[in-house]
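entry-v3.tsv follows; it contains TSV, C-alpha atoms.
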chain	number	residue	atom	x	y	z
A	1	MET	CA	25.56	6.17	42.04
A	2	LYS	CA	24.70	9.35	40.13
A	3	LYS	CA	28.29	9.70	38.97
A	4	PHE	CA	28.45	6.05	37.92
A	5	ILE	CA	25.30	6.40	35.82
A	6	PHE	CA	26.53	9.68	34.36
A	7	PHE	CA	29.86	8.13	33.34
A	8	SER	CA	28.19	5.01	31.95
A	9	GLY	CA	26.20	7.40	29.74
A	10	ILE	CA	29.46	9.03	28.62
A	11	LEU	CA	30.82	5.53	27.90
A	12	ASN	CA	27.80	4.79	25.70
A	13	ILE	CA	28.39	7.97	23.71
A	14	LEU	CA	32.07	7.13	23.26
A	15	LEU	CA	31.22	3.61	22.13
A	16	GLY	CA	28.73	5.09	19.67
A	17	ILE	CA	31.54	7.20	18.23
A	18	LEU	CA	33.72	4.10	17.93
A	19	PHE	CA	30.98	2.32	15.96
A	20	THR	CA	31.08	5.12	13.40
A	21	LEU	CA	34.77	4.39	12.74
A	22	PRO	CA	35.09	1.08	10.85
A	23	GLY	CA	38.87	0.99	11.37
A	24	VAL	CA	38.43	0.79	15.13
A	25	ILE	CA	35.98	-2.10	14.81
A	26	ARG	CA	38.49	-3.90	12.60
A	27	MET	CA	41.24	-3.40	15.22
A	28	ALA	CA	38.98	-5.10	17.77
A	29	GLY	CA	38.95	-8.19	15.58
A	30	VAL	CA	35.48	-7.71	14.12
A	31	GLU	CA	35.09	-7.36	10.38
A	32	PRO	CA	32.73	-4.43	9.71
A	33	PRO	CA	29.75	-5.14	7.46
A	34	GLU	CA	29.70	-3.89	3.88
A	35	ASN	CA	26.62	-1.77	4.44
A	36	PRO	CA	27.40	1.09	6.88
A	37	PHE	CA	23.81	1.02	8.15
A	38	TRP	CA	24.71	-1.93	10.39
A	39	LEU	CA	27.34	0.20	12.13
A	40	MET	CA	25.30	3.40	12.27
A	41	PHE	CA	22.21	1.71	13.75
A	42	PRO	CA	23.94	0.59	16.97
A	43	ALA	CA	25.87	3.88	17.07
A	44	ILE	CA	22.64	5.90	17.11
A	45	PHE	CA	21.19	3.52	19.71
A	46	LEU	CA	24.27	4.04	21.91
A	47	PHE	CA	24.11	7.83	21.49
A	48	PHE	CA	20.46	7.84	22.52
A	49	LEU	CA	21.01	5.62	25.56
A	50	GLY	CA	24.03	7.68	26.58
A	51	PHE	CA	22.09	10.93	26.54
A	52	ILE	CA	19.18	9.30	28.38
A	53	LEU	CA	21.51	8.02	31.11
A	54	ILE	CA	23.12	11.42	31.54
A	55	TYR	CA	19.65	12.98	31.79
A	56	SER	CA	18.48	10.30	34.25
A	57	SER	CA	21.52	10.68	36.49
A	58	LYS	CA	20.36	14.18	37.46
A	59	ASP	CA	17.20	12.89	39.20
A	60	LEU	CA	17.48	9.21	40.13
A	61	GLU	CA	14.49	9.26	42.44
A	62	ASN	CA	12.15	9.98	39.52
A	63	ARG	CA	14.08	8.45	36.61
A	64	SER	CA	15.52	5.26	38.10
A	65	THR	CA	13.15	3.12	36.03
A	66	ILE	CA	14.83	4.37	32.86
A	67	VAL	CA	18.21	3.32	34.23
A	68	PHE	CA	16.85	-0.11	35.16
A	69	TRP	CA	15.48	-0.70	31.68
A	70	ASP	CA	18.84	0.36	30.27
A	71	GLY	CA	20.34	-2.32	32.50
A	72	LEU	CA	17.99	-4.87	30.96
A	73	SER	CA	19.08	-3.78	27.48
A	74	ARG	CA	22.69	-4.25	28.59
A	75	VAL	CA	21.93	-7.81	29.71
A	76	ALA	CA	20.27	-8.48	26.33
A	77	ALA	CA	23.29	-6.98	24.54
A	78	PHE	CA	25.57	-9.26	26.53
A	79	GLY	CA	23.48	-12.28	25.54
A	80	GLY	CA	23.62	-11.29	21.88
A	81	CYS	CA	27.36	-10.68	21.99
A	82	LEU	CA	27.86	-13.98	23.80
A	83	TRP	CA	26.09	-15.77	20.97
A	84	PHE	CA	27.87	-13.83	18.22
A	85	GLY	CA	31.24	-14.21	19.92
A	86	LEU	CA	31.15	-17.89	20.81
A	87	ILE	CA	28.61	-19.53	18.50
A	88	ALA	CA	28.76	-17.39	15.35
A	89	GLY	CA	32.55	-17.20	15.48
A	90	MET	CA	33.09	-13.45	15.79
A	91	GLY	CA	35.67	-13.97	18.51
A	92	PHE	CA	36.09	-14.07	22.24
A	93	ASN	CA	37.10	-10.38	22.31
A	94	MET	CA	33.49	-9.48	21.64
A	95	VAL	CA	32.39	-11.47	24.69
A	96	LEU	CA	35.02	-9.77	26.85
A	97	ALA	CA	33.92	-6.34	25.70
A	98	ALA	CA	30.25	-7.17	26.34
A	99	SER	CA	31.12	-8.39	29.84
A	100	LEU	CA	31.51	-4.73	30.78
A	101	ASP	CA	27.85	-4.20	29.86
A	102	LEU	CA	26.85	-7.09	32.11
A	103	ALA	CA	28.91	-5.68	34.98
A	104	ILE	CA	27.35	-2.23	34.59
A	105	ALA	CA	23.86	-3.77	34.56
A	106	LEU	CA	24.62	-5.67	37.77
A	107	VAL	CA	25.78	-2.45	39.44
A	108	TYR	CA	22.49	-0.83	38.41
A	109	PHE	CA	20.45	-3.78	39.68
A	110	VAL	CA	22.23	-3.97	43.04
A	111	GLY	CA	23.18	-0.33	43.63
A	112	LEU	CA	19.99	1.54	42.74
A	113	PRO	CA	17.71	-0.36	45.16
A	114	ARG	CA	20.21	0.22	47.96
A	115	VAL	CA	20.67	3.91	47.22
A	116	LEU	CA	16.98	4.61	46.77
A	117	GLY	CA	15.71	2.29	49.50
A	118	ARG	CA	13.30	0.60	47.11
A	119	SER	CA	12.93	-2.96	45.90
A	120	PHE	CA	14.07	-4.23	42.51
A	121	LEU	CA	10.50	-4.68	41.28
A	122	SER	CA	9.30	-1.29	42.54
A	123	ILE	CA	12.00	0.41	40.48
A	124	LEU	CA	11.52	-1.82	37.46
A	125	LEU	CA	7.74	-1.29	37.41
A	126	ASP	CA	7.96	2.37	38.57
A	127	ARG	CA	5.99	1.86	41.76
A	128	ARG	CA	6.81	4.39	44.44
A	129	CYS	CA	4.54	3.31	47.31

What is this structure when it is put down as structure tokens?
Amino acid sequence: MKKFIFFSGILNILLGILFTLPGVIRMAGVEPPENPFWLMFPAIFLFFLGFILIYSSKDLENRSTIVFWDGLSRVAAFGGCLWFGLIAGMGFNMVLAASLDLAIALVYFVGLPRVLGRSFLSILLDRRC
């Protein structure tokens, strides 16, 4: 599980780099916004989450709550991409790409409680008793 979380952090950093390159976004079928702020904002968010996941993977017993909340942000990102992809007309490719976030979140939600021997809620609310 530690390796999975570590590599999902690396994936976040790589995705953050891709957001800084408008040509890559265009190749994915998404027209980049005119103002580069709207690409840099999610890129910085992804960098931050990537570094936090790498840091958390070193001590899951004490930092598993951080990973769980990252999983919740991944579910929210999937919901937003689902809406943008299907309702707002940005394309089905966006939904497919966001499905990876949902899958990673499910691995967090199922795998961490099993590895740590704690319940979902005890990890989410950082209760160790």

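Distances from A:Asn62, A:Val110, A:Ser99, A:Val67 to Gly79 (chain A) were compared using all atoms listed in the file, and the smallest one belongs to A:Ser99.
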
Expressed in Å, the length from CA of Phe41 (chain A) to CA of Leu106 (chain A) is 25.2 Å

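Residue nearest Ala97 (chain A) within the list A:Leu60, A:Arg127, A:Ile25, A:Ser119: A:Ile25 [criterion: smallest interatomic distance, all atoms listed in the file].
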
CA of Phe84 (chain A) to CA of Leu39 (chain A), distance in Å rounded to a single decimal: 15.3 Å

Atom-to-atom span, CA of Arg118 (chain A) and CA of Phe68 (chain A), Å: 12.5 Å

Pick out the closest residue to Gly111 (chain A) from this set: A:Met1, A:Val75, A:Val95, A:Leu53. Count only C-alpha atoms. A:Met1

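Distances from A:Pro113, A:Leu49, A:Trp83, A:Leu11 to Ser64 (chain A) were compared using all atoms listed in the file, and the smallest one belongs to A:Pro113.
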
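Counting all atoms listed in the file, region 50-52 of chain A has the following residues at most 9 Å away, ignoring those fewer than 4 positions along the same chain: Phe6, Phe7, Ser8, Gly9, Ile10, Leu11, Asn12, Ile13, Leu14, Gly16, Phe45, Leu46, Ser56, Ser57, Ile66 and Val67 of chain A.
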
Residue completion, region 35-50 of chain A, N, CA, C and O atoms, as a PDB file, in the coordinates of the input:
ATOM      1  N   ASN A  35      27.583  -2.862   4.385  1.00  0.00           N
ATOM      2  CA  ASN A  35      26.620  -1.770   4.440  1.00  0.00           C
ATOM      3  C   ASN A  35      26.832  -0.982   5.743  1.00  0.00           C
ATOM      4  O   ASN A  35      26.718  -1.545   6.836  1.00  0.00           O
ATOM      5  N   PRO A  36      27.136   0.319   5.664  1.00  0.00           N
ATOM      6  CA  PRO A  36      27.400   1.090   6.880  1.00  0.00           C
ATOM      7  C   PRO A  36      26.189   1.253   7.801  1.00  0.00           C
ATOM      8  O   PRO A  36      26.343   1.629   8.956  1.00  0.00           O
ATOM      9  N   PHE A  37      25.001   0.944   7.309  1.00  0.00           N
ATOM     10  CA  PHE A  37      23.810   1.020   8.150  1.00  0.00           C
ATOM     11  C   PHE A  37      23.973   0.174   9.399  1.00  0.00           C
ATOM     12  O   PHE A  37      23.546   0.565  10.489  1.00  0.00           O
ATOM     13  N   TRP A  38      24.600  -1.002   9.267  1.00  0.00           N
ATOM     14  CA  TRP A  38      24.710  -1.930  10.390  1.00  0.00           C
ATOM     15  C   TRP A  38      25.723  -1.469  11.428  1.00  0.00           C
ATOM     16  O   TRP A  38      25.796  -2.048  12.516  1.00  0.00           O
ATOM     17  N   LEU A  39      26.504  -0.439  11.114  1.00  0.00           N
ATOM     18  CA  LEU A  39      27.340   0.200  12.130  1.00  0.00           C
ATOM     19  C   LEU A  39      26.656   1.456  12.679  1.00  0.00           C
ATOM     20  O   LEU A  39      26.790   1.770  13.855  1.00  0.00           O
ATOM     21  N   MET A  40      25.949   2.161  11.833  1.00  0.00           N
ATOM     22  CA  MET A  40      25.300   3.400  12.270  1.00  0.00           C
ATOM     23  C   MET A  40      24.093   3.126  13.166  1.00  0.00           C
ATOM     24  O   MET A  40      23.824   3.900  14.080  1.00  0.00           O
ATOM     25  N   PHE A  41      23.384   2.041  12.931  1.00  0.00           N
ATOM     26  CA  PHE A  41      22.210   1.710  13.750  1.00  0.00           C
ATOM     27  C   PHE A  41      22.591   1.540  15.220  1.00  0.00           C
ATOM     28  O   PHE A  41      21.995   2.189  16.088  1.00  0.00           O
ATOM     29  N   PRO A  42      23.582   0.682  15.556  1.00  0.00           N
ATOM     30  CA  PRO A  42      23.940   0.590  16.970  1.00  0.00           C
ATOM     31  C   PRO A  42      24.586   1.866  17.495  1.00  0.00           C
ATOM     32  O   PRO A  42      24.451   2.190  18.671  1.00  0.00           O
ATOM     33  N   ALA A  43      25.262   2.625  16.628  1.00  0.00           N
ATOM     34  CA  ALA A  43      25.870   3.880  17.070  1.00  0.00           C
ATOM     35  C   ALA A  43      24.796   4.863  17.518  1.00  0.00           C
ATOM     36  O   ALA A  43      24.909   5.488  18.585  1.00  0.00           O
ATOM     37  N   ILE A  44      23.734   4.990  16.751  1.00  0.00           N
ATOM     38  CA  ILE A  44      22.640   5.900  17.110  1.00  0.00           C
ATOM     39  C   ILE A  44      21.943   5.414  18.382  1.00  0.00           C
ATOM     40  O   ILE A  44      21.596   6.207  19.257  1.00  0.00           O
ATOM     41  N   PHE A  45      21.774   4.111  18.503  1.00  0.00           N
ATOM     42  CA  PHE A  45      21.190   3.520  19.710  1.00  0.00           C
ATOM     43  C   PHE A  45      22.042   3.863  20.929  1.00  0.00           C
ATOM     44  O   PHE A  45      21.526   4.264  21.974  1.00  0.00           O
ATOM     45  N   LEU A  46      23.369   3.735  20.796  1.00  0.00           N
ATOM     46  CA  LEU A  46      24.270   4.040  21.910  1.00  0.00           C
ATOM     47  C   LEU A  46      24.253   5.524  22.252  1.00  0.00           C
ATOM     48  O   LEU A  46      24.296   5.897  23.430  1.00  0.00           O
ATOM     49  N   PHE A  47      24.214   6.396  21.236  1.00  0.00           N
ATOM     50  CA  PHE A  47      24.110   7.830  21.490  1.00  0.00           C
ATOM     51  C   PHE A  47      22.854   8.135  22.304  1.00  0.00           C
ATOM     52  O   PHE A  47      22.899   8.856  23.305  1.00  0.00           O
ATOM     53  N   PHE A  48      21.738   7.600  21.852  1.00  0.00           N
ATOM     54  CA  PHE A  48      20.460   7.840  22.520  1.00  0.00           C
ATOM     55  C   PHE A  48      20.504   7.369  23.972  1.00  0.00           C
ATOM     56  O   PHE A  48      20.130   8.104  24.888  1.00  0.00           O
ATOM     57  N   LEU A  49      20.955   6.142  24.191  1.00  0.00           N
ATOM     58  CA  LEU A  49      21.010   5.620  25.560  1.00  0.00           C
ATOM     59  C   LEU A  49      21.979   6.419  26.415  1.00  0.00           C
ATOM     60  O   LEU A  49      21.736   6.632  27.609  1.00  0.00           O
ATOM     61  N   GLY A  50      23.079   6.868  25.826  1.00  0.00           N
ATOM     62  CA  GLY A  50      24.030   7.680  26.580  1.00  0.00           C
ATOM     63  C   GLY A  50      23.416   8.978  27.054  1.00  0.00           C
ATOM     64  O   GLY A  50      23.550   9.361  28.226  1.00  0.00           O
TER      65      GLY A  50
END
